[in-house]
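Engineer: Have a look at this one before I ask anything.
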Amino acid sequence: MSASVYVQPIGLVSGPQAEDGAAIRLAGTMAYAARFALIVREGGSVTHRRVFGVREAAEALGEPGGELASEAERQWANLQLVHAPLQLGERTVRLDQPQVMGVLNVTPDSFSDGGEFLEKPDAGRAHAFAMLEAGAAIIDIGGESTRPGGAATWEGDEIERVVPAVEYCASMGAAISVDTRRAGVLEAALAKGAQMANDVSAMRYDPRMTELVAGAGCPVVLMHAPGTGDDLHAKDTLDGGDYGDVVSEVFDTLKSVRAAAIAGGVAEERIMLDPGIGFGKTLAHNLALLNALPLFHALGSPLLVGVSRKRMIGALSNEEPAHKRLGGSIALAVKAMDAGAHMLRVHDVPETVQARNVWRGMRDAALTDFTQLPPL
């Protein structure tokens with residue numbers, strides 16, 4: 001088995017002045033890092049690890065030698081890559097601060113809303129409008145439940161659920177993403193005004209998806225899920241059973257699907273990545289990924305994080321049901337923002353936008369406070 005290298009930010013700071021300039025801005029966001037770990041793994045084990053600061057970066061990155069050193073340098077450059085805004089129709093979504101993507105489920109068996117917005121289109125329309133008014137940058141419409149144990153949906157049924165929601169969101173001038181793994185559904189949605197794909201299978205489920213996304217030129221979210229068939233949560237189809245090290249394995253898989261998308265004609269700057277919190281992962285796996293989120297900037301694409309109302313919150317809080325997981329959802333959203341996440345996919349838009357605004361205010365204050373520095 002060949003060796004792999006990872007450049008992981010491990011020391012986050014409020015801004016460069018806190019470290020006398022020895023900090024980097026993570027992926028063009030409002031998050032900064034000053035300490036890093038260079039890790040080499042081979043055969044499932046760590047064979048080399050060095051902790052370093054910005055001023056030691058050149059020396060540390062070259063230590064593995066050969067192709068590993070070249071890959072480490074690429075990851076170091078990716079950590080500092082400033083991503084261009086998303087252009088979704090007439091809307092421009094900037095990625096220099098955390099943005100909020102509001103969830104609109106039009107399924108009969110959603111874990112969070114119980115099919116309310118499918119059975120009552122007026123309620124769905126009102127909910128979409130409320131999310132936009134509250135500050136959602138994008139509405140993400142889903143017509144298939146991807147919860148554990150959920151049955152696969154026939155493409156025709158999914159189209160019938162999604163297209164009306166796309167139409168009423170488009171009439172509001174919304175930026176629209178479609179949460180689907182089926183090319184036929186995406187094609188129908190794009191024709192009615194959607195501008196973005198959110199594929200939980202990372203375009204591995206439907207062989208037509210890559211060609212469609214490439215031809216349409218639309219942005220696409222590639223999410224990590226271990227299953228390759230109908231059950232995206234099955235861990236025995238992609239990652240060879242249980243994870244050895246979930247962080248490096250999810251990183252490697254996202255690196256692979258990103259490369260496949262680019263090879264298939266998808267523009268590099270239109271790819272967003274999602275580590276797939278809760279998909280085929282235990283509580284311990286999810287916590288490890290959340291604690292390692294800054295590493296995923298090294299892949300070179302903007303980062304979307306979806307943790308809203310997830311099962312892990314219930315597991316950590318007396319098994320609270322989905323509709324009582326707001327506090328945990330906000331805590332995880334703040335964790336993701338601290339790590340430099342570009343997009344938060346959430347159910348509770350007003351509360352998350354408020355948390356984002358307060359977080360942004362504190363970060364702005366930290367970045368503009370020079371009172372601790374000596375005069376030049």
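Residue numbers start at 1 in each chain; chains themselves are named A, B, ... in the order of the structure tokens; ligands are numbered from 1 in the order shown.
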Any idea what's packed within 6 Å of A:Ala37, counting only C-alpha atoms, ignoring anything in its chain fewer than 5 positions away? Could you give it as a list in words?

Structural biologist: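 Near A:Ala37, the qualifying residues are Val7, Gln8, Arg50 and Val51 of chain A.
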
Engineer: So which bits of stretch 145-376 of chain A end up strand (DSSP E or B) when you DSSP the backbone, as a count of residues only?

Structural biologist: 23

Engineer: Please provide as a VMD selection string all residues within 7 Å of stretch 166-174 of chain A, with the sequence filter that same-chain residues fewer than 5 positions apart are discarded (counting only C-alpha atoms).

Structural biologist: chain A and resid 125 128 138 to 139 189 192 to 194

Engineer: Print the selection's residues with N, CA, C and O atoms to a file, as an mmCIF file, in the first residue's frame.

Structural biologist:
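So out.cif came out as:
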```cif
data_model
loop_
_atom_site.group_PDB
_atom_site.id
_atom_site.type_symbol
_atom_site.label_atom_id
_atom_site.label_comp_id
_atom_site.auth_asym_id
_atom_site.auth_seq_id
_atom_site.Cartn_x
_atom_site.Cartn_y
_atom_site.Cartn_z
ATOM 1 N N ARG A 125 -44.174 26.640 0.170
ATOM 2 C CA ARG A 125 -43.896 27.959 -0.413
ATOM 3 C C ARG A 125 -43.632 28.980 0.692
ATOM 4 O O ARG A 125 -42.674 29.769 0.612
ATOM 5 N N ALA A 128 -40.207 28.303 2.307
ATOM 6 C CA ALA A 128 -39.110 28.758 1.454
ATOM 7 C C ALA A 128 -38.973 30.280 1.522
ATOM 8 O O ALA A 128 -37.855 30.819 1.652
ATOM 9 N N ILE A 138 -29.141 30.057 -0.236
ATOM 10 C CA ILE A 138 -29.551 29.024 -1.189
ATOM 11 C C ILE A 138 -30.662 28.200 -0.548
ATOM 12 O O ILE A 138 -30.619 27.921 0.665
ATOM 13 N N ILE A 139 -31.631 27.791 -1.337
ATOM 14 C CA ILE A 139 -32.637 26.814 -0.898
ATOM 15 C C ILE A 139 -32.275 25.466 -1.513
ATOM 16 O O ILE A 139 -32.115 25.367 -2.736
ATOM 17 N N ALA A 189 -35.117 19.605 -12.934
ATOM 18 C CA ALA A 189 -35.052 20.757 -12.029
ATOM 19 C C ALA A 189 -34.306 21.921 -12.661
ATOM 20 O O ALA A 189 -34.722 23.082 -12.537
ATOM 21 N N LYS A 192 -36.379 23.981 -14.906
ATOM 22 C CA LYS A 192 -37.395 24.811 -14.254
ATOM 23 C C LYS A 192 -36.798 25.922 -13.390
ATOM 24 O O LYS A 192 -37.541 26.628 -12.697
ATOM 25 N N GLY A 193 -35.473 26.066 -13.396
ATOM 26 C CA GLY A 193 -34.894 27.204 -12.690
ATOM 27 C C GLY A 193 -33.887 26.896 -11.613
ATOM 28 O O GLY A 193 -33.334 27.820 -11.002
ATOM 29 N N ALA A 194 -33.630 25.624 -11.331
ATOM 30 C CA ALA A 194 -32.575 25.283 -10.359
ATOM 31 C C ALA A 194 -31.214 25.594 -10.981
ATOM 32 O O ALA A 194 -31.066 25.619 -12.217
#
```

Engineer: Could you give me, as a VMD selection string, the residues within 8 Å of stretch 341-346 of chain A, counting only C-alpha atoms and dropping anything in the same chain fewer than 4 positions from it?

Structural biologist: chain A and resid 29 95 to 103 302 to 308 333 336 to 337 352

Engineer: Since we have the selection now, will you write its residues out, keeping N, CA, C and O atoms, as a PDB file, in the first residue's frame?

Structural biologist:
```pdb
ATOM      1  N   THR A  29     -11.595  32.188   3.976  1.00  0.00           N
ATOM      2  CA  THR A  29     -12.681  32.419   4.936  1.00  0.00           C
ATOM      3  C   THR A  29     -12.217  33.355   6.040  1.00  0.00           C
ATOM      4  O   THR A  29     -11.140  33.945   5.986  1.00  0.00           O
ATOM      5  N   LEU A  95     -18.099  33.472  -0.869  1.00  0.00           N
ATOM      6  CA  LEU A  95     -17.605  32.414   0.014  1.00  0.00           C
ATOM      7  C   LEU A  95     -16.526  32.907   0.971  1.00  0.00           C
ATOM      8  O   LEU A  95     -15.788  32.121   1.538  1.00  0.00           O
ATOM      9  N   ASP A  96     -16.468  34.227   1.185  1.00  0.00           N
ATOM     10  CA  ASP A  96     -15.490  34.771   2.120  1.00  0.00           C
ATOM     11  C   ASP A  96     -16.045  34.861   3.536  1.00  0.00           C
ATOM     12  O   ASP A  96     -15.375  35.337   4.443  1.00  0.00           O
ATOM     13  N   GLN A  97     -17.274  34.434   3.735  1.00  0.00           N
ATOM     14  CA  GLN A  97     -17.900  34.320   5.049  1.00  0.00           C
ATOM     15  C   GLN A  97     -18.854  33.146   5.008  1.00  0.00           C
ATOM     16  O   GLN A  97     -19.266  32.708   3.928  1.00  0.00           O
ATOM     17  N   PRO A  98     -19.224  32.576   6.152  1.00  0.00           N
ATOM     18  CA  PRO A  98     -20.125  31.418   6.126  1.00  0.00           C
ATOM     19  C   PRO A  98     -21.488  31.786   5.552  1.00  0.00           C
ATOM     20  O   PRO A  98     -22.061  32.814   5.912  1.00  0.00           O
ATOM     21  N   GLN A  99     -21.981  30.946   4.651  1.00  0.00           N
ATOM     22  CA  GLN A  99     -23.300  31.134   4.070  1.00  0.00           C
ATOM     23  C   GLN A  99     -24.232  30.029   4.558  1.00  0.00           C
ATOM     24  O   GLN A  99     -23.783  28.953   4.951  1.00  0.00           O
ATOM     25  N   VAL A 100     -25.531  30.316   4.538  1.00  0.00           N
ATOM     26  CA  VAL A 100     -26.529  29.372   5.043  1.00  0.00           C
ATOM     27  C   VAL A 100     -27.374  28.854   3.888  1.00  0.00           C
ATOM     28  O   VAL A 100     -27.924  29.624   3.110  1.00  0.00           O
ATOM     29  N   MET A 101     -27.451  27.539   3.789  1.00  0.00           N
ATOM     30  CA  MET A 101     -28.294  26.848   2.812  1.00  0.00           C
ATOM     31  C   MET A 101     -29.495  26.274   3.570  1.00  0.00           C
ATOM     32  O   MET A 101     -29.329  25.476   4.487  1.00  0.00           O
ATOM     33  N   GLY A 102     -30.685  26.724   3.212  1.00  0.00           N
ATOM     34  CA  GLY A 102     -31.894  26.262   3.895  1.00  0.00           C
ATOM     35  C   GLY A 102     -32.462  25.015   3.263  1.00  0.00           C
ATOM     36  O   GLY A 102     -32.552  24.901   2.039  1.00  0.00           O
ATOM     37  N   VAL A 103     -32.871  24.064   4.089  1.00  0.00           N
ATOM     38  CA  VAL A 103     -33.384  22.773   3.633  1.00  0.00           C
ATOM     39  C   VAL A 103     -34.890  22.848   3.401  1.00  0.00           C
ATOM     40  O   VAL A 103     -35.650  23.273   4.276  1.00  0.00           O
ATOM     41  N   PRO A 302     -14.314  24.481  -1.899  1.00  0.00           N
ATOM     42  CA  PRO A 302     -15.087  24.992  -0.770  1.00  0.00           C
ATOM     43  C   PRO A 302     -15.748  23.843  -0.007  1.00  0.00           C
ATOM     44  O   PRO A 302     -16.036  22.782  -0.571  1.00  0.00           O
ATOM     45  N   LEU A 303     -16.023  24.103   1.269  1.00  0.00           N
ATOM     46  CA  LEU A 303     -16.508  23.058   2.162  1.00  0.00           C
ATOM     47  C   LEU A 303     -17.934  23.347   2.614  1.00  0.00           C
ATOM     48  O   LEU A 303     -18.230  24.423   3.144  1.00  0.00           O
ATOM     49  N   LEU A 304     -18.826  22.381   2.383  1.00  0.00           N
ATOM     50  CA  LEU A 304     -20.190  22.432   2.897  1.00  0.00           C
ATOM     51  C   LEU A 304     -20.303  21.442   4.053  1.00  0.00           C
ATOM     52  O   LEU A 304     -19.800  20.320   3.968  1.00  0.00           O
ATOM     53  N   VAL A 305     -20.982  21.864   5.125  1.00  0.00           N
ATOM     54  CA  VAL A 305     -21.167  20.991   6.283  1.00  0.00           C
ATOM     55  C   VAL A 305     -22.652  20.929   6.609  1.00  0.00           C
ATOM     56  O   VAL A 305     -23.311  21.958   6.773  1.00  0.00           O
ATOM     57  N   GLY A 306     -23.185  19.711   6.712  1.00  0.00           N
ATOM     58  CA  GLY A 306     -24.583  19.494   7.069  1.00  0.00           C
ATOM     59  C   GLY A 306     -24.690  18.700   8.360  1.00  0.00           C
ATOM     60  O   GLY A 306     -24.483  17.489   8.359  1.00  0.00           O
ATOM     61  N   VAL A 307     -24.986  19.393   9.452  1.00  0.00           N
ATOM     62  CA  VAL A 307     -25.085  18.725  10.763  1.00  0.00           C
ATOM     63  C   VAL A 307     -26.422  19.003  11.434  1.00  0.00           C
ATOM     64  O   VAL A 307     -26.694  18.487  12.512  1.00  0.00           O
ATOM     65  N   SER A 308     -27.263  19.783  10.787  1.00  0.00           N
ATOM     66  CA  SER A 308     -28.513  20.225  11.383  1.00  0.00           C
ATOM     67  C   SER A 308     -29.417  19.059  11.776  1.00  0.00           C
ATOM     68  O   SER A 308     -29.726  18.184  10.956  1.00  0.00           O
ATOM     69  N   ALA A 333     -22.857  24.108  14.207  1.00  0.00           N
ATOM     70  CA  ALA A 333     -22.672  25.118  13.164  1.00  0.00           C
ATOM     71  C   ALA A 333     -21.526  26.063  13.528  1.00  0.00           C
ATOM     72  O   ALA A 333     -20.708  26.429  12.668  1.00  0.00           O
ATOM     73  N   ALA A 336     -18.289  24.359  12.911  1.00  0.00           N
ATOM     74  CA  ALA A 336     -17.962  24.348  11.488  1.00  0.00           C
ATOM     75  C   ALA A 336     -17.462  25.715  11.025  1.00  0.00           C
ATOM     76  O   ALA A 336     -16.522  25.803  10.222  1.00  0.00           O
ATOM     77  N   MET A 337     -18.066  26.788  11.520  1.00  0.00           N
ATOM     78  CA  MET A 337     -17.606  28.126  11.138  1.00  0.00           C
ATOM     79  C   MET A 337     -16.195  28.383  11.647  1.00  0.00           C
ATOM     80  O   MET A 337     -15.368  28.974  10.949  1.00  0.00           O
ATOM     81  N   THR A 352     -29.834  30.005  12.800  1.00  0.00           N
ATOM     82  CA  THR A 352     -28.458  29.804  12.329  1.00  0.00           C
ATOM     83  C   THR A 352     -27.887  31.090  11.755  1.00  0.00           C
ATOM     84  O   THR A 352     -26.711  31.404  11.967  1.00  0.00           O
TER      85      THR A 352
END
```

Engineer: At a cut-off of 8 Å, using only C-alpha atoms, what residues contact A:Ile313? Leave out same-chain residues fewer than 6 positions from it and give the result as a list in words.

Structural biologist: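 The contact residues come out as Glu319, Glu320, Arg325, Gly328 and Ser329 of chain A.
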
Engineer: Pick from A:Gln75, A:Thr47, A:Ser14, A:Ser177: nearest to A:Gly89, with only C-alpha atoms counted?

Structural biologist: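 Using only C-alpha atoms, A:Gly89 sits closest to A:Ser177.
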
Engineer: Enumerate the residues of stretch 144-373 of chain A with a DSSP assignment of helix (DSSP H, G or I), computed from the backbone, and present them as a PyMOL selection string.

Structural biologist: chain A and resi 155-171+183-191+209-216+246-263+268-270+283-291+293-299+311-316+322-324+326-338+349-368

Engineer: Take the residues just selected and output them with C-alpha atoms as a tab-separated table (two decimals), in the first residue's frame.

Structural biologist:
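So the final result, stored in again-v5.tsv, reads:
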```
chain	number	residue	atom	x	y	z
A	155	GLU	CA	-37.15	8.79	-10.31
A	156	GLY	CA	-40.58	9.71	-11.60
A	157	ASP	CA	-41.93	10.22	-8.08
A	158	GLU	CA	-38.92	12.32	-7.15
A	159	ILE	CA	-39.41	14.56	-10.18
A	160	GLU	CA	-43.09	15.06	-9.31
A	161	ARG	CA	-42.10	16.14	-5.80
A	162	VAL	CA	-39.16	18.37	-6.69
A	163	VAL	CA	-40.27	20.28	-9.80
A	164	PRO	CA	-43.21	22.18	-8.23
A	165	ALA	CA	-40.97	23.28	-5.36
A	166	VAL	CA	-38.30	24.43	-7.80
A	167	GLU	CA	-40.93	26.43	-9.70
A	168	TYR	CA	-42.27	28.29	-6.68
A	169	CYS	CA	-38.76	28.95	-5.34
A	170	ALA	CA	-37.65	30.21	-8.76
A	171	SER	CA	-40.64	32.57	-8.83
A	183	ALA	CA	-29.58	12.77	-13.40
A	184	GLY	CA	-33.20	12.76	-14.59
A	185	VAL	CA	-34.32	14.67	-11.52
A	186	LEU	CA	-31.52	17.22	-11.82
A	187	GLU	CA	-32.21	17.68	-15.53
A	188	ALA	CA	-35.90	18.38	-14.89
A	189	ALA	CA	-35.05	20.76	-12.03
A	190	LEU	CA	-32.47	22.71	-14.03
A	191	ALA	CA	-35.03	23.19	-16.78
A	209	MET	CA	-24.75	12.62	-13.54
A	210	THR	CA	-21.18	13.68	-14.30
A	211	GLU	CA	-21.89	14.32	-17.96
A	212	LEU	CA	-25.03	16.30	-17.11
A	213	VAL	CA	-23.31	18.48	-14.51
A	214	ALA	CA	-20.35	19.09	-16.82
A	215	GLY	CA	-22.61	20.02	-19.72
A	216	ALA	CA	-24.84	22.27	-17.64
A	246	VAL	CA	-12.22	7.74	9.36
A	247	VAL	CA	-10.62	11.14	8.78
A	248	SER	CA	-7.96	10.02	6.32
A	249	GLU	CA	-10.34	7.60	4.57
A	250	VAL	CA	-13.04	10.24	4.04
A	251	PHE	CA	-10.34	12.67	2.87
A	252	ASP	CA	-8.96	10.12	0.39
A	253	THR	CA	-12.42	9.29	-0.95
A	254	LEU	CA	-13.35	12.94	-1.45
A	255	LYS	CA	-10.01	13.48	-3.18
A	256	SER	CA	-10.79	10.59	-5.51
A	257	VAL	CA	-14.35	11.64	-6.41
A	258	ARG	CA	-13.22	15.22	-6.91
A	259	ALA	CA	-10.53	14.06	-9.35
A	260	ALA	CA	-13.07	11.85	-11.16
A	261	ALA	CA	-15.46	14.77	-11.54
A	262	ILE	CA	-12.73	16.99	-12.99
A	263	ALA	CA	-11.65	14.20	-15.35
A	268	GLU	CA	-12.73	22.51	-10.71
A	269	GLU	CA	-14.04	25.85	-9.45
A	270	ARG	CA	-17.64	24.55	-9.49
A	283	LEU	CA	-20.98	8.97	16.76
A	284	ALA	CA	-17.22	8.54	17.24
A	285	HIS	CA	-16.64	8.86	13.48
A	286	ASN	CA	-18.74	12.03	13.27
A	287	LEU	CA	-16.94	13.65	16.20
A	288	ALA	CA	-13.54	12.81	14.69
A	289	LEU	CA	-14.53	14.38	11.37
A	290	LEU	CA	-15.88	17.52	12.99
A	291	ASN	CA	-12.70	17.94	15.01
A	293	LEU	CA	-12.72	19.76	9.53
A	294	PRO	CA	-9.91	22.24	8.76
A	295	LEU	CA	-7.96	19.41	7.08
A	296	PHE	CA	-10.53	19.18	4.28
A	297	HIS	CA	-9.56	22.61	2.94
A	298	ALA	CA	-6.37	20.90	1.74
A	299	LEU	CA	-8.45	19.25	-1.00
A	311	ARG	CA	-28.86	11.84	15.03
A	312	MET	CA	-25.53	12.50	16.74
A	313	ILE	CA	-27.10	15.47	18.55
A	314	GLY	CA	-29.70	13.19	20.07
A	315	ALA	CA	-27.01	10.71	21.04
A	316	LEU	CA	-25.20	13.44	22.96
A	322	ALA	CA	-35.18	15.83	15.72
A	323	HIS	CA	-37.40	18.85	16.38
A	324	LYS	CA	-35.70	19.47	19.75
A	326	LEU	CA	-31.77	23.28	17.77
A	327	GLY	CA	-29.20	23.93	20.49
A	328	GLY	CA	-26.98	21.10	19.32
A	329	SER	CA	-27.38	22.18	15.70
A	330	ILE	CA	-26.18	25.70	16.54
A	331	ALA	CA	-23.24	24.36	18.55
A	332	LEU	CA	-22.11	22.25	15.59
A	333	ALA	CA	-22.67	25.12	13.16
A	334	VAL	CA	-20.35	27.33	15.24
A	335	LYS	CA	-17.79	24.51	15.29
A	336	ALA	CA	-17.96	24.35	11.49
A	337	MET	CA	-17.61	28.13	11.14
A	338	ASP	CA	-14.56	28.10	13.40
A	349	VAL	CA	-32.43	29.20	9.11
A	350	PRO	CA	-33.32	32.26	11.28
A	351	GLU	CA	-31.52	30.89	14.32
A	352	THR	CA	-28.46	29.80	12.33
A	353	VAL	CA	-28.23	33.13	10.50
A	354	GLN	CA	-28.37	34.93	13.84
A	355	ALA	CA	-25.60	32.69	15.21
A	356	ARG	CA	-23.57	33.31	12.04
A	357	ASN	CA	-23.99	37.07	12.34
A	358	VAL	CA	-22.87	37.10	15.97
A	359	TRP	CA	-19.93	34.82	15.14
A	360	ARG	CA	-18.99	37.09	12.25
A	361	GLY	CA	-19.16	40.16	14.49
A	362	MET	CA	-16.76	38.59	16.98
A	363	ARG	CA	-14.41	37.56	14.18
A	364	ASP	CA	-14.54	41.03	12.61
A	365	ALA	CA	-13.64	42.55	15.97
A	366	ALA	CA	-10.71	40.17	16.38
A	367	LEU	CA	-9.41	40.94	12.90
A	368	THR	CA	-9.58	44.70	13.36
```

Engineer: Restricting the calculation to only C-alpha atoms, which member of A:Ala18, A:Val5, A:Ala137, A:Leu79 is positioned closest to A:Phe370?

Structural biologist: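 Smallest distance to A:Phe370 is found for A:Ala18.
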
Engineer: Calculate how many Å separate atom CA of A:Thr92 from atom CA of A:Leu132, rounding to one decimal.

Structural biologist: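 Rounded to one decimal, the two atoms are 14.2 Å apart.
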
Engineer: Restricting the calculation to only C-alpha atoms: of A:Phe52, A:Ala175, A:Gly264, A:Thr371, which residue gets closest to A:Arg204?

Structural biologist: A:Gly264

Engineer: Find the distance between atom CA of A:Glu133 and atom CA of A:Gln195 and write it in Å to one decimal.

Structural biologist: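 Interatomic distance, atom CA of A:Glu133 to atom CA of A:Gln195: 19.6 Å.
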
Engineer: My list of candidates is A:Ala202, A:Met131, A:Ala292, A:Val221. Which is closest to A:Leu86 when distances are computed with only C-alpha atoms?

Structural biologist: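 Ranked by minimum distance to A:Leu86, first place goes to A:Val221.
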
Engineer: Using only C-alpha atoms, which of the listed residues (A:Val266, A:Ala152, A:Leu12, A:Leu38) sits closest to A:Leu26?

Structural biologist: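 Of A:Val266, A:Ala152, A:Leu12, A:Leu38, the one nearest A:Leu26 is A:Leu12, counting only C-alpha atoms.
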
Engineer: What does the distance from atom CA of A:Ala60 to atom CA of A:His83 come to in Å, to one decimal?

Structural biologist: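 We find that atom CA of A:Ala60 and atom CA of A:His83 lie 25.5 Å from each other.
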
Engineer: Which is closest to A:Thr107 among A:Ser145, A:Ala136, A:Leu81, A:Leu61, if we use only C-alpha atoms?

Structural biologist: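 Of the candidates, the smallest distance to A:Thr107 is held by A:Ser145.
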